[in-house]
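Text of entry-v4.cif (mmCIF, C-alpha atoms) as supplied:
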data_data
loop_
_atom_site.label_atom_id
_atom_site.label_comp_id
_atom_site.auth_asym_id
_atom_site.auth_seq_id
_atom_site.Cartn_x
_atom_site.Cartn_y
_atom_site.Cartn_z
CA MET A 100 287.76 162.87 180.29
CA SER A 101 289.81 161.74 183.13
CA ASP A 102 291.59 158.50 182.82
CA TRP A 103 294.55 157.13 180.98
CA PHE A 104 292.60 154.92 178.63
CA GLU A 105 290.29 157.70 177.45
CA ARG A 106 293.19 160.07 176.86
CA ARG A 107 294.92 157.41 174.81
CA VAL A 108 291.84 156.72 172.69
CA ALA A 109 291.34 160.44 172.11
CA ARG A 110 294.96 160.84 171.03
CA ALA A 111 294.66 157.94 168.61
CA LEU A 112 291.48 159.36 167.09
CA ARG A 113 293.26 162.67 166.49
CA ALA A 114 296.17 160.98 164.73
CA ASP A 115 296.26 161.46 160.99
CA VAL A 116 295.34 158.69 158.59
CA PRO A 117 297.33 157.90 155.42
CA LEU A 118 294.55 159.27 153.23
CA ALA A 119 295.03 162.67 154.87
CA VAL A 120 298.37 163.23 153.17
CA ASP A 121 297.47 161.75 149.80
CA GLU A 122 297.97 164.60 147.36
CA SER A 123 296.43 162.64 144.50
CA ALA A 124 293.23 162.22 146.50
CA ARG A 125 293.02 166.01 146.85
CA ARG A 126 293.57 166.41 143.14
CA ARG A 127 290.70 164.01 142.50
CA VAL A 128 288.45 166.23 144.59
CA MET A 129 289.34 169.25 142.49
CA ALA A 130 288.84 167.25 139.28
CA ARG A 131 285.26 166.64 140.34
CA VAL A 132 284.80 170.24 141.41
CA ARG A 133 285.97 171.47 138.00
CA GLU A 134 283.54 169.10 136.33
CA ALA A 135 280.76 170.54 138.46
CA ALA A 136 281.91 174.07 137.74
CA ALA A 137 281.69 173.40 134.04
CA ASP A 138 278.10 172.43 134.62
CA GLY A 139 277.18 175.40 136.75
CA HIS A 140 278.51 177.91 139.22
CA PRO A 141 278.27 177.23 142.96
CA GLY A 142 274.69 177.66 144.07
CA ARG A 143 273.23 176.62 140.78
CA ARG A 144 272.00 173.17 141.57
CA ARG A 145 272.21 170.89 138.62
CA GLY A 146 272.59 167.18 138.16
CA ASP A 147 275.96 165.75 138.97
CA ALA A 148 276.69 164.20 135.63
CA TRP A 149 280.12 162.89 136.59
CA SER A 150 278.79 161.13 139.61
CA ARG A 151 276.02 159.49 137.62
CA ILE A 152 278.47 158.31 134.99
CA SER A 153 281.06 156.95 137.36
CA ARG A 154 278.62 155.11 139.58
CA HIS A 155 276.91 153.64 136.58
CA SER A 156 280.28 152.48 135.38
CA ILE A 157 280.99 150.84 138.71
CA VAL A 158 277.76 148.88 138.65
CA ALA A 159 278.01 147.99 134.98
CA LEU A 160 281.58 146.87 135.11
CA SER A 161 281.14 145.01 138.35
CA LEU A 162 278.33 143.06 136.77
CA ALA A 163 280.36 142.51 133.63
CA ALA A 164 283.22 141.18 135.67
CA GLY A 165 280.94 138.98 137.73
CA ILE A 166 281.80 140.66 140.98
CA GLY A 167 279.66 142.45 143.50
CA GLY A 168 281.18 145.89 143.41
CA ILE A 169 283.56 147.17 146.04
CA THR A 170 283.10 144.44 148.56
CA THR A 171 284.98 143.65 151.68
CA LEU A 172 285.71 140.19 150.54
CA SER A 173 286.96 138.95 153.85
CA ALA A 174 283.33 138.77 154.88
CA VAL A 175 282.03 136.81 151.94
CA VAL A 176 284.93 134.75 150.69
CA PRO A 177 285.55 131.38 152.29
CA GLN A 178 288.66 131.19 154.43
CA ALA A 179 290.59 129.06 151.96
CA ARG A 180 290.03 131.58 149.22
CA ARG A 181 290.74 134.43 151.58
CA ASP A 182 294.12 132.90 152.26
CA ALA A 183 294.81 132.77 148.58
CA GLY A 184 293.86 136.41 148.24
CA ALA A 185 290.63 137.97 147.06
CA LEU A 186 290.31 140.59 144.41
CA SER A 187 287.78 143.17 143.47
CA ALA A 188 288.38 145.29 140.40
CA VAL A 189 286.24 148.35 139.94
CA VAL A 190 286.17 151.24 137.53
CA ILE A 191 286.05 154.33 139.67
CA GLY A 192 285.61 156.86 136.90
CA ASP A 193 286.99 158.02 133.64
CA SER A 194 286.41 161.74 133.57
CA VAL A 195 289.41 162.58 135.71
CA VAL A 196 291.75 161.27 133.06
CA SER A 197 289.87 162.71 130.13
CA THR A 198 292.73 165.12 129.48
CA LEU A 199 294.96 162.15 128.76
CA HIS A 200 292.67 160.21 126.49
CA ASP A 201 288.93 159.89 126.40
CA THR A 202 289.02 156.10 126.45
CA LEU A 203 291.21 155.73 129.51
CA ARG A 204 289.50 154.39 132.59
CA LEU A 205 290.67 154.47 136.16
CA VAL A 206 290.52 151.00 137.61
CA ARG A 207 291.21 150.25 141.23
CA LEU A 208 292.55 146.81 141.97
CA ILE A 209 292.20 145.56 145.49
CA LEU A 210 293.68 142.50 147.09
CA ASP A 211 293.08 141.37 150.64
CA ALA A 212 296.32 139.68 151.56
CA PRO A 213 296.88 139.97 155.32
CA ASP A 214 300.12 138.06 155.44
CA ALA A 215 301.79 139.53 152.38
CA ARG A 216 304.94 141.59 152.70
CA ARG A 217 304.52 143.08 149.23
CA VAL A 218 302.04 142.78 146.42
CA ALA A 219 302.22 143.85 142.79
CA VAL A 220 300.02 143.40 139.76
CA ALA A 221 301.36 142.16 136.46
CA GLY A 222 299.47 142.03 133.19
CA ASP A 223 299.32 142.95 129.55
CA PHE A 224 299.34 146.59 130.53
CA ASN A 225 302.84 146.43 132.05
CA ARG A 226 304.28 143.60 129.97
CA TRP A 227 303.86 141.21 132.87
CA ASP A 228 306.50 142.96 134.88
CA ALA A 229 306.18 141.56 138.41
CA GLU A 230 307.91 144.59 139.93
CA ALA A 231 306.58 147.51 137.90
CA THR A 232 303.19 148.08 139.51
CA PRO A 233 303.19 147.61 143.27
CA LEU A 234 300.06 147.78 145.36
CA VAL A 235 300.08 149.92 148.48
CA ARG A 236 298.89 148.59 151.80
CA ASP A 237 296.26 150.64 153.56
CA GLY A 238 297.87 151.17 156.94
CA ARG A 239 297.89 147.93 158.89
CA SER A 240 294.74 146.61 157.27
CA PRO A 241 294.92 143.46 155.14
CA ARG A 242 293.97 145.49 152.07
CA TRP A 243 296.34 146.34 149.25
CA SER A 244 295.31 148.51 146.34
CA VAL A 245 296.48 150.33 143.26
CA THR A 246 294.70 152.53 140.74
CA LEU A 247 295.52 152.08 137.07
CA ALA A 248 294.58 154.05 133.97
CA LEU A 249 293.65 151.46 131.35
CA ARG A 250 292.35 151.64 127.83
CA ASP A 251 289.12 149.99 126.75
CA GLY A 252 289.56 146.38 125.85
CA ALA A 253 290.46 143.10 127.48
CA HIS A 254 293.25 143.03 130.03
CA ARG A 255 294.89 139.93 131.40
CA TYR A 256 296.46 140.24 134.82
CA ALA A 257 297.40 138.49 138.03
CA PHE A 258 298.74 139.55 141.39
CA VAL A 259 302.24 138.72 142.51
CA VAL A 260 302.51 138.22 146.24
CA ASP A 261 305.92 138.51 147.87
CA GLY A 262 307.55 138.42 144.46
CA THR A 263 306.88 134.76 143.83
CA ARG A 264 303.25 133.74 144.38
CA TRP A 265 300.96 134.46 141.43
CA VAL A 266 297.35 134.96 142.48
CA PRO A 267 294.53 135.18 139.94
CA ASP A 268 291.20 136.83 140.64
CA PRO A 269 289.03 134.07 142.13
CA ARG A 270 285.86 136.02 141.35
CA ALA A 271 286.68 137.24 137.88
CA GLU A 272 284.35 136.54 135.01
CA ARG A 273 287.04 134.52 133.33
CA SER A 274 290.30 132.96 134.31
CA ALA A 275 292.56 130.98 132.07
CA ARG A 276 296.05 129.57 131.89
CA ASP A 277 298.78 130.96 129.75
CA GLU A 278 301.24 128.92 127.75
CA SER A 279 303.31 128.17 130.83
CA GLY A 280 300.28 127.02 132.79
CA ARG A 281 300.05 130.12 134.96
CA LEU A 282 296.56 131.31 135.89
CA TYR A 283 295.54 134.82 134.97
CA SER A 284 292.31 136.80 135.20
CA LEU A 285 290.52 138.77 132.56
CA LEU A 286 289.09 142.26 132.94
CA THR A 287 287.08 143.71 130.08
CA LEU A 288 286.58 147.45 129.81
CA SER A 289 284.27 148.83 127.18
CA ARG A 290 282.21 151.91 126.67
CA THR A 291 279.21 149.68 126.02
CA ALA A 292 279.53 148.64 129.67
CA ASN A 293 278.35 152.15 130.54
CA MET B 278 293.62 183.57 153.90
CA SER B 279 290.48 182.84 155.91
CA ASP B 280 287.73 180.46 154.89
CA ARG B 281 285.42 183.43 154.46
CA VAL B 282 287.72 185.19 151.99
CA ILE B 283 288.27 181.98 150.02
CA ILE B 284 284.55 181.30 149.84
CA GLN B 285 283.93 184.82 148.58
CA ARG B 286 286.49 184.30 145.83
CA VAL B 287 284.91 181.03 144.79
CA LEU B 288 281.48 182.61 144.69
CA GLU B 289 282.90 185.35 142.48
CA GLY B 290 283.88 182.70 139.97
CA ASP B 291 287.41 181.66 141.01
CA VAL B 292 286.88 177.89 141.01
CA GLU B 293 290.55 177.16 141.67
CA ALA B 294 290.34 179.02 144.98
CA PHE B 295 288.26 176.10 146.20
CA SER B 296 291.45 174.03 146.25
CA ARG B 297 292.57 176.13 149.23
CA LEU B 298 289.52 174.94 151.13
CA VAL B 299 290.33 171.38 150.11
CA ASP B 300 293.90 171.79 151.34
CA LEU B 301 292.79 173.33 154.62
CA HIS B 302 290.13 170.77 155.48
CA TYR B 303 291.08 167.53 153.71
CA ALA B 304 293.15 166.01 156.50
CA ARG B 305 290.44 166.66 159.06
CA CYS B 306 287.79 165.19 156.77
CA ALA B 307 290.00 162.17 156.17
CA ARG B 308 290.29 161.51 159.90
CA ILE B 309 286.53 161.68 160.32
CA ALA B 310 285.50 159.69 157.25
CA PHE B 311 288.12 156.99 157.62
CA ARG B 312 287.24 156.37 161.24
CA ILE B 313 283.50 156.37 160.62
CA LEU B 314 283.65 154.18 157.52
CA GLY B 315 286.68 152.06 158.33
CA ASN B 316 288.31 151.88 154.93
CA ARG B 317 290.11 154.17 152.58
CA GLU B 318 287.97 153.65 149.48
CA ASP B 319 284.67 154.53 151.11
CA ALA B 320 286.27 157.39 153.02
CA GLU B 321 287.66 158.93 149.86
CA GLU B 322 284.32 158.59 148.12
CA ALA B 323 282.49 160.25 151.01
CA ILE B 324 285.03 163.07 151.13
CA GLN B 325 284.84 163.70 147.40
CA ASP B 326 281.05 163.77 147.52
CA ALA B 327 281.11 166.06 150.55
CA PHE B 328 283.44 168.61 148.95
CA LEU B 329 281.43 168.47 145.75
CA ARG B 330 278.20 169.09 147.61
CA ALA B 331 279.82 171.89 149.56
CA PHE B 332 281.00 173.49 146.34
CA LYS B 333 277.57 173.30 144.77
CA ALA B 334 275.85 174.63 147.86
CA LEU B 335 278.45 177.26 148.72
CA SER B 336 276.07 180.13 148.11
CA ASP B 337 273.82 178.66 150.82
CA TYR B 338 276.59 178.72 153.41
CA GLU B 339 276.04 181.31 156.10
CA ASP B 340 279.05 182.45 158.07
CA ARG B 341 277.19 182.45 161.36
CA GLU B 342 278.46 178.88 161.47
CA ARG B 343 282.10 177.85 161.17
CA PHE B 344 282.77 176.58 157.66
CA SER B 345 284.49 173.55 159.16
CA ALA B 346 281.37 172.58 161.10
CA TRP B 347 279.18 173.15 158.03
CA LEU B 348 281.46 170.95 155.96
CA THR B 349 281.54 168.32 158.69
CA ARG B 350 277.76 168.17 158.67
CA ILE B 351 277.79 167.50 154.94
CA LEU B 352 280.55 164.93 155.36
CA VAL B 353 278.75 163.06 158.12
CA ASN B 354 275.64 162.89 155.95
CA GLN B 355 277.73 161.49 153.11
CA CYS B 356 279.25 158.92 155.44
CA ARG B 357 275.76 157.88 156.51
CA THR B 358 274.75 157.61 152.87
CA VAL B 359 277.73 155.40 152.09
CA LEU B 360 276.98 153.18 155.07
CA ALA B 361 273.33 152.87 154.17
CA ARG B 362 274.03 152.17 150.53
CA THR B 363 276.68 149.57 150.97
CA LYS B 364 275.28 148.01 154.12
CA ARG B 365 278.76 146.84 154.74
CA ARG B 366 279.28 148.17 158.22
CA ASP B 367 279.49 144.77 159.81
CA ALA B 368 281.84 143.54 157.12
CA LEU B 369 284.09 146.57 157.03
CA PHE B 370 286.23 145.58 159.90
CA ALA B 371 287.92 142.24 160.05
CA ASP B 372 287.44 140.38 163.27
CA VAL B 373 290.25 140.86 165.69
CA ASP B 374 291.65 137.61 166.94
CA PRO B 375 290.91 137.58 170.68
CA GLN B 376 294.28 136.01 171.32
CA ARG B 377 295.90 139.13 169.99
CA LEU B 378 294.16 141.42 172.44
CA ASP B 379 296.81 140.92 175.07
CA PHE B 380 299.32 143.01 173.22
CA ILE B 381 297.03 145.46 171.54
CA VAL B 382 297.85 148.34 173.82
CA ALA B 383 301.55 147.79 173.38
CA MET B 384 301.15 148.27 169.65
CA GLU B 385 300.35 151.94 169.93
CA SER B 386 302.98 153.86 168.03
CA ASP B 387 304.81 156.96 169.18
CA ASP B 388 302.75 159.27 166.98
CA GLY B 389 299.56 158.24 168.73
CA ARG B 390 298.29 155.89 166.03
CA TRP B 391 296.69 152.79 167.41
CA PRO B 392 295.92 150.39 164.57
CA GLU B 393 293.83 147.95 166.54
CA LEU B 394 291.63 150.78 167.70
CA GLU B 395 290.82 151.47 164.06
CA HIS B 396 289.61 147.89 163.75
CA VAL B 397 287.50 147.74 166.88
CA LEU B 398 285.85 151.07 166.10
CA GLY B 399 283.83 149.04 163.63
CA ARG B 400 282.30 147.08 166.45
CA LEU B 401 280.70 150.15 167.94
CA PRO B 402 277.10 150.93 167.01
CA ALA B 403 277.15 153.52 164.23
CA GLN B 404 275.83 156.34 166.40
CA GLN B 405 278.43 155.75 169.11
CA ARG B 406 281.23 155.56 166.57
CA GLU B 407 280.08 158.74 164.89
CA ALA B 408 279.85 160.56 168.22
CA ILE B 409 283.28 159.59 169.54
CA VAL B 410 284.93 160.37 166.20
CA LEU B 411 283.36 163.81 165.98
CA LYS B 412 284.24 164.56 169.59
CA TYR B 413 287.90 163.61 169.35
CA ALA B 414 288.93 163.33 165.71
CA ASP B 415 287.36 166.70 164.99
CA ASP B 416 287.42 168.32 168.45
CA LEU B 417 283.84 169.48 168.15
CA THR B 418 281.95 170.77 171.17
CA TYR B 419 278.78 168.94 172.11
CA GLU B 420 276.83 171.93 170.89
CA GLU B 421 278.49 171.67 167.46
CA MET B 422 278.03 167.91 167.45
CA ALA B 423 274.32 168.42 168.05
CA ARG B 424 274.10 170.65 164.99
CA VAL B 425 276.09 168.19 162.90
CA THR B 426 274.21 165.06 163.90
CA GLY B 427 270.75 166.36 164.75
CA ALA B 428 270.90 164.59 168.11
CA GLY B 429 270.58 166.24 171.53
CA GLU B 430 273.66 167.10 173.59
CA SER B 431 272.78 164.77 176.43
CA ALA B 432 272.23 161.90 174.02
CA LEU B 433 275.60 162.60 172.44
CA LYS B 434 277.37 162.64 175.80
CA MET B 435 275.79 159.28 176.56
CA ARG B 436 276.91 157.88 173.20
CA VAL B 437 280.50 158.97 173.83
CA GLN B 438 280.44 157.52 177.32
CA ARG B 439 279.09 154.21 176.07
CA ALA B 440 281.59 154.18 173.23
CA PHE B 441 284.44 154.45 175.71
CA ALA B 442 282.98 151.65 177.81
CA ARG B 443 282.67 149.42 174.75
CA LEU B 444 286.16 150.22 173.53
CA ARG B 445 287.57 149.57 176.96
CA ALA B 446 286.00 146.12 176.93
CA LEU B 447 287.18 145.41 173.41
CA LEU B 448 290.72 146.56 173.92
CA GLN B 449 291.19 145.16 177.41
CA GLU B 450 292.80 148.06 179.12
CA VAL B 451 296.24 147.41 180.45
CA PRO B 452 297.02 149.31 183.64
CA SER B 453 299.70 151.92 183.30
CA VAL B 454 302.90 151.36 185.23
#

Taking this structure as input, can you express it in the form of structure tokens?
Amino acid sequence: MSDWFERRVARALRADVPLAVDESARRRVMARVREAAADGHPGRRRGDAWSRISRHSIVALSLAAGIGGITTLSAVVPQARRDAGALSAVVIGDSVVSTLHDTLRLVRLILDAPDARRVAVAGDFNRWDAEATPLVRDGRSPRWSVTLALRDGAHRYAFVVDGTRWVPDPRAERSARDESGRLYSLLTLSRTAN
Amino acid sequence: MSDRVIIQRVLEGDVEAFSRLVDLHYARCARIAFRILGNREDAEEAIQDAFLRAFKALSDYEDRERFSAWLTRILVNQCRTVLARTKRRDALFADVDPQRLDFIVAMESDDGRWPELEHVLGRLPAQQREAIVLKYADDLTYEEMARVTGAGESALKMRVQRAFARLRALLQEVPSV
């Protein structure tokens, strides 16, 4: 490798990514390893029950919510809707929080909002506090996300962009207006969805 | 503590010792998976699945091979699985506005990160992207890359070379001053 451009590309490829220093992501790995260990010692090949459950949940809930799973919505959502923000909400598993409560589900909320300076989610689960649950931007990508532990049941929510703009889920199964006329989205979590 | 010692402890029943392997190799896996898959969610899924598979197959690991290379092989297979399942490769990376290309190079930060490079990586054919990531994000030799990918060394060198040519065109190299 000889020239300036190639050295620069190589250096950039060696640079760490935000996921690399995410301690919670490492803990999630060990949570799955412990699940597997409970099923059998290393070398004893058995079915990966956790994986089956969580993926089934993803498909089931995505269908229930009328969305197509974890989708890069920028590719499939018309530009006007992209500008307004596009949301995909997906259960990514419940076993990792089983020590807290066996009906808690981890739900990842994703919003593609390229021009936003900050994004939060407000809903029943945080008493509609527009500051309490911020989403984190993934590097310089347009994607913002947060993972929540939610109980089974119906949850109303909306995103709050830059502290003032309320953005419902344009692809949610149901949207409605509250008493003040503000749009919200509805996410239903239930064990029957599994 | 070396990988070999940790692996021995895990095989003797100390499951928690596996967390040392996670700590030692997670950042490297994150670099590879994120740059092959292009987004954090898929990368984390591939990494989790890779570590889980490594844990389950640990008794099959033979220390003639570096553990890191063995793990990388599993990870690359998981990345391929994610790509095949989601079929989202073309959608993973938002189009870069051509008008922005003029100042792309100037956006490189002091720590070497180059955000626009992350985006245009998605425009490389999957094999080229995989090859250049393994070569530089993981510092593998071509011999190790051949074991990881199943491709020949000469083919891999060609993929890396073509990847650079494609990136150069996409990023419009700015001459150094």

Translate the PyMOL selection byres ((chain B and resi 303) around 10) into a concrete residue list for this structure, as a ChimeraX atom specification. /A:118-122,124-125,128 /B:296-302,304-309,324-325,328

Can you work out which residues from chain B touch chain A at a cut-off of 8 Å (counting all atoms listed in the file) and hand them back as a short mmCIF file (atom, residue, chain, number, x, y, z; two decimals) with C-alpha atoms, keeping the file's coordinate frame?
data_model
loop_
_atom_site.label_atom_id
_atom_site.label_comp_id
_atom_site.auth_asym_id
_atom_site.auth_seq_id
_atom_site.Cartn_x
_atom_site.Cartn_y
_atom_site.Cartn_z
CA VAL B 287 284.91 181.03 144.79
CA LEU B 288 281.48 182.61 144.69
CA GLY B 290 283.88 182.70 139.97
CA VAL B 292 286.88 177.89 141.01
CA PHE B 295 288.26 176.10 146.20
CA SER B 296 291.45 174.03 146.25
CA VAL B 299 290.33 171.38 150.11
CA ASP B 300 293.90 171.79 151.34
CA TYR B 303 291.08 167.53 153.71
CA ALA B 304 293.15 166.01 156.50
CA ARG B 305 290.44 166.66 159.06
CA CYS B 306 287.79 165.19 156.77
CA ALA B 307 290.00 162.17 156.17
CA ARG B 308 290.29 161.51 159.90
CA PHE B 311 288.12 156.99 157.62
CA ARG B 312 287.24 156.37 161.24
CA ARG B 317 290.11 154.17 152.58
CA GLU B 321 287.66 158.93 149.86
CA GLN B 325 284.84 163.70 147.40
CA PHE B 328 283.44 168.61 148.95
CA LEU B 329 281.43 168.47 145.75
CA PHE B 332 281.00 173.49 146.34
CA LYS B 333 277.57 173.30 144.77
CA ALA B 334 275.85 174.63 147.86
CA LEU B 335 278.45 177.26 148.72
CA SER B 336 276.07 180.13 148.11
CA ASP B 337 273.82 178.66 150.82
CA ARG B 365 278.76 146.84 154.74
CA ALA B 368 281.84 143.54 157.12
CA LEU B 369 284.09 146.57 157.03
CA ALA B 371 287.92 142.24 160.05
CA ASP B 388 302.75 159.27 166.98
CA GLY B 389 299.56 158.24 168.73
CA ARG B 390 298.29 155.89 166.03
CA TRP B 391 296.69 152.79 167.41
CA PRO B 392 295.92 150.39 164.57
CA LEU B 394 291.63 150.78 167.70
CA VAL B 410 284.93 160.37 166.20
CA TYR B 413 287.90 163.61 169.35
CA ALA B 414 288.93 163.33 165.71
CA ASP B 415 287.36 166.70 164.99
CA PHE B 441 284.44 154.45 175.71
CA ARG B 445 287.57 149.57 176.96
CA GLU B 450 292.80 148.06 179.12
CA SER B 453 299.70 151.92 183.30
#

Within 12 Å of (273.7, 163.1, 157.8) in the file's own coordinates, which protein, DNA or RNA residues have an atom, counting only C-alpha atoms? List them as a PyMOL selection string. chain B and resi 323+327+347-361+404+407+422-428

Nearest to Asp326 of chain B, restricted to only C-alpha atoms and choosing among B:Leu417, B:Met435, B:Ala403, B:Ala310, comes out as B:Ala310

Interatomic distance (Å, one decimal) between atom CA of Trp227 of chain A and atom CA of Val260 of chain A: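 Separation of atom CA of Trp227 of chain A and atom CA of Val260 of chain A: 13.8 Å.
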
For atom CA of Arg400 of chain B and atom CA of Glu421 of chain B, the interatomic separation in Å (one decimal):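 Separation between atom CA of Arg400 of chain B and atom CA of Glu421 of chain B: 24.9 Å.
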